[in-house]
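Peer 1: Encoded as structure tokens, here's the structure I'll be asking about.
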Amino acid sequence: MTQDRAADPDDVVELLWREREPRPGLTLDRIVRTAIDLADAEGLEGLSMRKVADRLGFTTMSLYRHVPSRTHLIDLMRDEVLTPRHAENPDHPHHLQDPEGRTGGDWRARLEEVAREGWELRRRHPWLAEIRGTRHVPGPNAVARYDELLAALTGTALRPSEVIAAANLIGRFLDAEALLLVETRSEERRSGVSEEEWWGARDSLYERLDRYPALTHLWESGGWDTPEDSFEFGLARLLDGIEALVRRRDEIRDETCRECGAPITPADSGRPRVYCSRACRQRAYRKRAT
């Protein structure tokens with residue numbers, strides 16, 4: 001029965017939305033919080049049902065009565081730490097948005113705020129980036145976080161598909177940066193040597209690098225003396241790119257038909273349009289031919 005539950009993706013939906021009656025004694029919330037503490041300290045590689053049970057003072061089988069698998073547990077952990085800030089703070093600006101999530105001209109500031117919240121969350125819980133695969137069922141908190149990301153761009157001139165693509169791009173960027181933290185901490189735990197100490201001892205490598213002209217030029221110019229913060233640099237460039245697309249879509253949205261002067265609806269392909277309809281285009285062609 002436990003194996004059947006572990007293979008059923010609908011089973012974790014009920015767990016995530018807490019649609020089952022709580023059991024006496026050991027609770028699902030206690031299991032999830034203990035697992036989060038363990039993953040924060042050791043990463044997902046250090047997470048096991050046995051270790052969680054040991055910390056709680058119960059048998060491993062006791063955990064399986066609440067959570068059918070480690071995968072289910074990770075999904076529960078993810079949703080727990082993704083609790084939106086405004087869920088605990090009714091004065092948070094999220095509550096000031098209209099029902100459609102429009103943000104007007106403040107979309108970039110709002111998107112940056114949501115991205116930074118996501119980054120701080122991943123710094124506190126780097127193991128979030130270790131959750132790989134495309135079939136982890138989201139819970140209510142994960143959906144709410146994603147909805148905030150989408151809402152930051154809803155109401156701009158972007159097409160709906162572009163809003164989704166831009167939001168997903170931001171999410172993947174956050175995970176990529178967080179994965180670097182995970183790998184760094186894992187290596188430091190394994191070796192007992194910090195990242196700075198390890199690279200600082202690579203003299204045998206550095207003495208061979210003068211044969212590479214671009215690298216040598218940047219080295220001698222101080223390019224590695226004060227490196228750019230990869231998160232800050234990357235986020236700014238992503239926002240610049242999205243802003244450029246929003247401006248382009250605004251330009252297209254504001255254009256009018258050369259034949260009748262009516263507003264032009266952007267084409268689904270994203271290509272600029274000159275005429276508002278096929279009839280106006282045909283009239284213009286006929287005029288040109290006469």
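Letters for chains follow the order of the structure tokens (A, B, ...), residue numbers begin at 1 for each chain, and ligand numbers begin at 1 in the order shown.
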Excluding His72 (chain A) and residues on its chain fewer than 3 positions from it, collect all residues at most 9 Å away from it, counting only C-alpha atoms, and give them as a list in words.
Peer 2: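 Here the answer would be Ala6, Pro9, Asp11, Val12, Leu15, Leu16, Val67, Pro68, Ser69, Asp75, Leu76, Met77 and His136 of chain A.
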Peer 1: Return as a Markdown table the residues of region 150-202 of chain A lying at most 10 Å from region 28-42 of chain A, together with the closest atom-to-atom pair for each and the distance in Å to one decimal, counting only C-alpha atoms, with rows in chain order and ascending residue number.
Peer 2:
| residue | atom | partner | partner_atom | distance |
| --- | --- | --- | --- | --- |
| A:Val182 | CA | A:Glu42 | CA | 9.9 |
| A:Arg185 | CA | A:Glu42 | CA | 9.1 |
| A:Ser186 | CA | A:Glu42 | CA | 8.1 |
| A:Arg189 | CA | A:Glu42 | CA | 8.5 |
Peer 1: Set the distance at 12 Å and use only C-alpha atoms: which residues neighbour Arg281 (chain A) once local chain neighbours fewer than 6 positions away are removed? I'd like the list as an mmCIF file with C-alpha atoms, in the first residue's frame.
Peer 2:
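Wrote result.cif, looks like this:
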data_model
loop_
_atom_site.group_PDB
_atom_site.id
_atom_site.type_symbol
_atom_site.label_atom_id
_atom_site.label_comp_id
_atom_site.auth_asym_id
_atom_site.auth_seq_id
_atom_site.Cartn_x
_atom_site.Cartn_y
_atom_site.Cartn_z
ATOM 1 C CA CYS A 257 -3.175 51.741 -39.179
ATOM 2 C CA ARG A 258 -1.590 53.649 -42.051
ATOM 3 C CA GLU A 259 -4.784 53.328 -44.069
ATOM 4 C CA CYS A 260 -7.623 54.148 -41.659
ATOM 5 C CA ARG A 273 1.958 45.329 -38.319
ATOM 6 C CA VAL A 274 1.299 48.269 -40.664
ATOM 7 C CA TYR A 275 -2.423 47.805 -41.285
ATOM 8 C CA LYS A 287 -4.004 52.801 -54.291
ATOM 9 C CA ARG A 288 -0.352 52.070 -54.862
#
Peer 1: For Thr184 (chain A), work out the shell of residues within 10 Å, counting only C-alpha atoms and skipping chain neighbours fewer than 5 positions away, then give it as an mmCIF file with C-alpha atoms, in the first residue's frame.
Peer 2:
data_model
loop_
_atom_site.group_PDB
_atom_site.id
_atom_site.type_symbol
_atom_site.label_atom_id
_atom_site.label_comp_id
_atom_site.auth_asym_id
_atom_site.auth_seq_id
_atom_site.Cartn_x
_atom_site.Cartn_y
_atom_site.Cartn_z
ATOM 1 C CA ALA A 178 21.349 28.874 -5.867
ATOM 2 C CA LEU A 179 22.771 25.655 -7.303
ATOM 3 C CA ARG A 189 31.689 20.298 3.856
ATOM 4 C CA ARG A 190 33.325 17.377 2.077
ATOM 5 C CA SER A 194 36.912 26.940 1.833
ATOM 6 C CA GLU A 195 36.437 27.950 -1.800
#
Peer 1: At a cut-off of 9 Å, using only C-alpha atoms, what residues contact region 111-125 of chain A? Leave out same-chain residues fewer than 6 positions from it and give the result as a list in words.
Peer 2: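 Listing them by chain and then by number gives Ile36, Ala39, Asp40, Gly43, Val81, Leu82, Arg85, Arg145, Glu148, Leu149, Leu150, Ala151, Ala152, Leu153, Ala167, Ile170, Gly171, Leu174, Asp175, Glu177, Ala178, Leu181, Phe231, Leu235, Ala236 and Leu239 of chain A.
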Peer 1: Just N, CA and C atoms for this one: save the residues we selected as a PDB file, in the first residue's frame.
Peer 2:
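See out.pdb below for the written result:
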ATOM      1  N   ILE A  36      13.292  19.920   7.024  1.00  0.00           N
ATOM      2  CA  ILE A  36      13.837  21.195   6.534  1.00  0.00           C
ATOM      3  C   ILE A  36      15.110  21.550   7.288  1.00  0.00           C
ATOM      4  N   ALA A  39      17.903  19.342   5.999  1.00  0.00           N
ATOM      5  CA  ALA A  39      18.361  19.725   4.661  1.00  0.00           C
ATOM      6  C   ALA A  39      19.121  21.042   4.692  1.00  0.00           C
ATOM      7  N   ASP A  40      18.706  21.984   5.545  1.00  0.00           N
ATOM      8  CA  ASP A  40      19.437  23.244   5.671  1.00  0.00           C
ATOM      9  C   ASP A  40      20.868  22.999   6.124  1.00  0.00           C
ATOM     10  N   GLY A  43      22.048  19.625   3.198  1.00  0.00           N
ATOM     11  CA  GLY A  43      21.612  19.523   1.817  1.00  0.00           C
ATOM     12  C   GLY A  43      20.741  18.295   1.600  1.00  0.00           C
ATOM     13  N   VAL A  81       8.590  25.972   2.886  1.00  0.00           N
ATOM     14  CA  VAL A  81       9.498  27.118   2.918  1.00  0.00           C
ATOM     15  C   VAL A  81       9.091  28.198   1.922  1.00  0.00           C
ATOM     16  N   LEU A  82       8.204  27.868   0.984  1.00  0.00           N
ATOM     17  CA  LEU A  82       7.762  28.844  -0.007  1.00  0.00           C
ATOM     18  C   LEU A  82       6.565  29.667   0.456  1.00  0.00           C
ATOM     19  N   ARG A  85       5.551  35.877   1.917  1.00  0.00           N
ATOM     20  CA  ARG A  85       5.677  36.824   3.028  1.00  0.00           C
ATOM     21  C   ARG A  85       4.340  37.449   3.382  1.00  0.00           C
ATOM     22  N   ARG A 145       3.551  31.694  -4.904  1.00  0.00           N
ATOM     23  CA  ARG A 145       4.811  32.358  -5.285  1.00  0.00           C
ATOM     24  C   ARG A 145       4.884  32.561  -6.791  1.00  0.00           C
ATOM     25  N   GLU A 148       2.648  35.339  -7.894  1.00  0.00           N
ATOM     26  CA  GLU A 148       3.240  36.662  -7.642  1.00  0.00           C
ATOM     27  C   GLU A 148       4.190  37.052  -8.764  1.00  0.00           C
ATOM     28  N   LEU A 149       4.973  36.077  -9.221  1.00  0.00           N
ATOM     29  CA  LEU A 149       5.921  36.334 -10.299  1.00  0.00           C
ATOM     30  C   LEU A 149       5.181  36.705 -11.584  1.00  0.00           C
ATOM     31  N   LEU A 150       4.125  35.975 -11.886  1.00  0.00           N
ATOM     32  CA  LEU A 150       3.334  36.267 -13.075  1.00  0.00           C
ATOM     33  C   LEU A 150       2.627  37.619 -12.946  1.00  0.00           C
ATOM     34  N   ALA A 151       2.113  37.913 -11.752  1.00  0.00           N
ATOM     35  CA  ALA A 151       1.368  39.152 -11.538  1.00  0.00           C
ATOM     36  C   ALA A 151       2.235  40.386 -11.740  1.00  0.00           C
ATOM     37  N   ALA A 152       3.548  40.242 -11.478  1.00  0.00           N
ATOM     38  CA  ALA A 152       4.436  41.395 -11.646  1.00  0.00           C
ATOM     39  C   ALA A 152       4.475  41.865 -13.090  1.00  0.00           C
ATOM     40  N   LEU A 153       4.216  40.962 -14.033  1.00  0.00           N
ATOM     41  CA  LEU A 153       4.283  41.312 -15.450  1.00  0.00           C
ATOM     42  C   LEU A 153       2.911  41.393 -16.112  1.00  0.00           C
ATOM     43  N   ALA A 167       8.657  34.999 -16.676  1.00  0.00           N
ATOM     44  CA  ALA A 167       8.602  34.537 -15.284  1.00  0.00           C
ATOM     45  C   ALA A 167       9.406  33.254 -15.115  1.00  0.00           C
ATOM     46  N   ILE A 170      13.180  34.003 -15.083  1.00  0.00           N
ATOM     47  CA  ILE A 170      13.631  34.500 -13.782  1.00  0.00           C
ATOM     48  C   ILE A 170      13.782  33.345 -12.800  1.00  0.00           C
ATOM     49  N   GLY A 171      12.800  32.442 -12.782  1.00  0.00           N
ATOM     50  CA  GLY A 171      12.870  31.311 -11.861  1.00  0.00           C
ATOM     51  C   GLY A 171      14.068  30.426 -12.117  1.00  0.00           C
ATOM     52  N   LEU A 174      17.259  32.102 -10.832  1.00  0.00           N
ATOM     53  CA  LEU A 174      17.393  31.991  -9.378  1.00  0.00           C
ATOM     54  C   LEU A 174      17.897  30.607  -8.984  1.00  0.00           C
ATOM     55  N   ASP A 175      17.356  29.577  -9.616  1.00  0.00           N
ATOM     56  CA  ASP A 175      17.785  28.215  -9.287  1.00  0.00           C
ATOM     57  C   ASP A 175      19.241  27.973  -9.687  1.00  0.00           C
ATOM     58  N   GLU A 177      21.683  30.196  -9.839  1.00  0.00           N
ATOM     59  CA  GLU A 177      22.550  30.863  -8.871  1.00  0.00           C
ATOM     60  C   GLU A 177      22.576  30.103  -7.552  1.00  0.00           C
ATOM     61  N   ALA A 178      21.413  29.610  -7.130  1.00  0.00           N
ATOM     62  CA  ALA A 178      21.349  28.874  -5.867  1.00  0.00           C
ATOM     63  C   ALA A 178      22.089  27.546  -5.963  1.00  0.00           C
ATOM     64  N   LEU A 181      25.595  27.904  -4.999  1.00  0.00           N
ATOM     65  CA  LEU A 181      25.753  27.909  -3.546  1.00  0.00           C
ATOM     66  C   LEU A 181      25.768  26.489  -2.993  1.00  0.00           C
ATOM     67  N   PHE A 231      24.773  37.332  -8.983  1.00  0.00           N
ATOM     68  CA  PHE A 231      23.322  37.480  -8.886  1.00  0.00           C
ATOM     69  C   PHE A 231      22.888  38.874  -9.307  1.00  0.00           C
ATOM     70  N   LEU A 235      20.665  39.449 -12.618  1.00  0.00           N
ATOM     71  CA  LEU A 235      19.299  39.939 -12.477  1.00  0.00           C
ATOM     72  C   LEU A 235      19.102  41.244 -13.242  1.00  0.00           C
ATOM     73  N   ALA A 236      20.068  42.157 -13.138  1.00  0.00           N
ATOM     74  CA  ALA A 236      19.963  43.437 -13.844  1.00  0.00           C
ATOM     75  C   ALA A 236      19.887  43.229 -15.351  1.00  0.00           C
ATOM     76  N   LEU A 239      16.442  41.815 -16.297  1.00  0.00           N
ATOM     77  CA  LEU A 239      15.415  42.856 -16.236  1.00  0.00           C
ATOM     78  C   LEU A 239      15.557  43.839 -17.389  1.00  0.00           C
TER      79      LEU A 239
END
Peer 1: Asp240 (chain A): which residues within 10 Å, counting only C-alpha atoms, same-chain residues fewer than 6 positions away excluded, as a tab-separated table (two decimals) with C-alpha atoms, in the first residue's frame?
Peer 2:
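This went into selection24.tsv:
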chain	number	residue	atom	x	y	z
A	108	ARG	CA	10.11	46.29	-13.05
A	234	GLY	CA	22.55	38.60	-13.90
A	246	VAL	CA	8.06	45.54	-22.93
Peer 1: Calculate how many Å separate CA of Arg159 (chain A) from CA of Ser277 (chain A), rounding to one decimal.
Peer 2: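 Calculated distance between CA of Arg159 (chain A) and CA of Ser277 (chain A) is 19.5 Å.
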Peer 1: Mind pulling up the distance from CA of Leu44 (chain A) to CA of Glu130 (chain A)?
Peer 2: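 Distance reported for this atom pair: 7.0 Å.
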Peer 1: Between CA of Ala53 (chain A) and CA of Leu73 (chain A), what distance in Å does the model show, to one decimal?
Peer 2: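 Distance between the two atoms: 12.3 Å.
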Peer 1: Could you name the residues that touch region 198-205 of chain A at 12 Å or less, counting only C-alpha atoms, but leaving out those on the same chain fewer than 5 positions away, as a list of chain:residue names?
Peer 2: A:Thr184, A:Glu187, A:Glu188, A:Ser191, A:Gly192, A:Val193, A:Asp210, A:Arg211
Peer 1: Could you write out, as a ChimeraX atom specification, all the residues of region 155-286 of chain A that DSSP marks as alpha helix (DSSP H)?
Peer 2: /A:160-191,195-200,203-206,213-220,230-254,278-286
